[in-house]
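Working notes for the structure below.
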Amino acid sequence: NLSSSKAVFEQRLCESLFISFARLEAPPAVRTMTTYLWLDCDPGHDDAFALILACHGLNPAVIVAGVSTVCGNQTVDKTTDNALRVLHLLGRDDVQVHKGASKPLIRPTRNCPEIHGESGLDGPDIPDAGREASDTPPIVAMAKAFEKVLQIPSATPTLVAMGAMTNVALFCSVYPEIARQINLVFMGGALTKGNTGPTAEFNIQCDPEAASVVLEFPFKSITMVPLETTHTALVTKKIRNRMRVGPSYIPPNDDTGTDTTVTATNRFRQLTDEILMFFANTYSKEFGFKHGPPLHDPCAVFFAIAPEKFKTEKLRIDVECSGTHTAGTTVVDWWRQSPEKPLNVDVVLDMDVESFWEAMCIAVDNASAACPLR
Ligand code: BDR
Ligand code: CA
């Protein structure tokens, strides 16, 4: 029948495009939409969990087409090495990593050792990946990948940006015809309160000019996952216990019991828990988060794979590039005071947090099973 031969055709096309598609053991009898993710990131403790969710989420119709890195949480050499290590930990050495911008478009580089440490992923000792990043620059690789994905009729090509938007600004400037057919989801910006500035969020503050180029560009869609949303995804002690143990974990039903720490059941769970422990400590020290750190970047991946779990509103957002106190702020025109400017961003206002953690825990379980380290 028509739908199954279409699925077979797509599967064949997929297999000829990316080695990573090989993980799909059998095509679903009828595939409706397949989401192809390109992950642009700066790992980064929360970026590491975004890679876990994207690479090992429950939905087989989500395919990671490639990963690119950018300077941000640490230098691009460090974030690239971290991306390679994390993918190795996940048993996903098949996913190519492309080293991107080593500095913002105009401004000097800034990093975030106070939250992510000197390596950008301080805490666990994740073994070296034993492979290098690809020689192909990220924007070239993204263009090639998306060009092919766009030939698949039922594909949803999505670029998820989880760091400074330098690579994304270069991509849409050099390949506008491809970029305008792509959905962009980014973790970044704040509606009111910033984290590394009074009103500015770190990813946007790192490279405001790049973010401004991106938000002016007519992508097929742009979705912003701001701090207000990611601050609802707190890694509580209960969540950490669940991730240490796996699906058999039964939380104690008295409140005090959730503070009891249980032991990680394998090396993968131990290493990923060490990522969370470091992140919890720096968030507690720097921002006073006592109930666990916010796991920002996976929220953007979750939007890309389960948009029905979010509430959004289409708004006009501009990026402040010149303010003395506000550079890097995402300025929201709540009352349409500039009606001549098109509404450009679907802003996430709410997320189903319980569903997010459910998906994240399942991804950790799958990644734990796939991890080559014992
Ligand atoms: C963002 O900044 C980075 O430190 C995190 O990885 C996240 O992408 C949060 O402001
Ligand atoms: Ca990040």
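Ligands are numbered from 1 in the order shown, chains are lettered A, B, ... in the order of the structure tokens, and residues start at 1 in each chain.
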Identify all residues of region 257-367 of chain A in alpha helix (DSSP H) (DSSP on the backbone) and supply them as a PyMOL selection string. chain A and resi 267-287+296-305+353-367
Just the residues within 6 Å of region 149-165 of chain A, please, counting only C-alpha atoms, with nothing from its chain fewer than 4 positions along; format it as a list in words. Met33, Thr34, Thr35, Tyr36, Leu37, Trp38, Leu39, Asp40, Cys41, Asp42, Ile182, Asn183, Leu184, Val185, Phe186, Met187, Asn203, Ile204, Cys206, Asp207, Ala210, Ala211 and Asp297 of chain A
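If you count only C-alpha atoms and ignore residues fewer than 2 places along the chain from Pro226 (chain A), what sits within 6 Å of it is Gly188, Gly189, Ala190, Met224, Glu228 and Thr229 of chain A.
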Could you dump the residues just selected with C-alpha atoms as a compact mmCIF listing (two decimals), in the first residue's frame?
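So part-v1.txt came out as:
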```txt
# COMPACT_ATOMS: atom_id res chain seq x y z
CA GLY A 188 17.97 31.32 25.50
CA GLY A 189 16.67 34.68 26.47
CA ALA A 190 14.52 35.74 29.37
CA MET A 224 12.27 30.47 22.11
CA GLU A 228 11.31 31.32 32.88
CA THR A 229 10.48 27.88 31.42
```
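Taking CA of Glu340 (chain A) and CA of Thr199 (chain A) as endpoints, the distance between them is 24.9 Å.
Atom pair CA of Gln96 (chain A) / CA of Asp77 (chain A) has a distance of 15.4 Å (rounded to one decimal).
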Separation of CA of Ser68 (chain A) and CA of Thr80 (chain A), in Å? 8.0 Å
Restricting the calculation to only C-alpha atoms, which member of A:Pro127, A:Pro218, A:Pro208, A:Gly194 is positioned closest to Pro176 (chain A)? A:Pro218
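Proximity of A:Thr282, A:Ser212, A:Ser248, A:Ser102 to ligand 1, computed with only C-alpha atoms and all ligand atoms, is greatest for A:Thr282.
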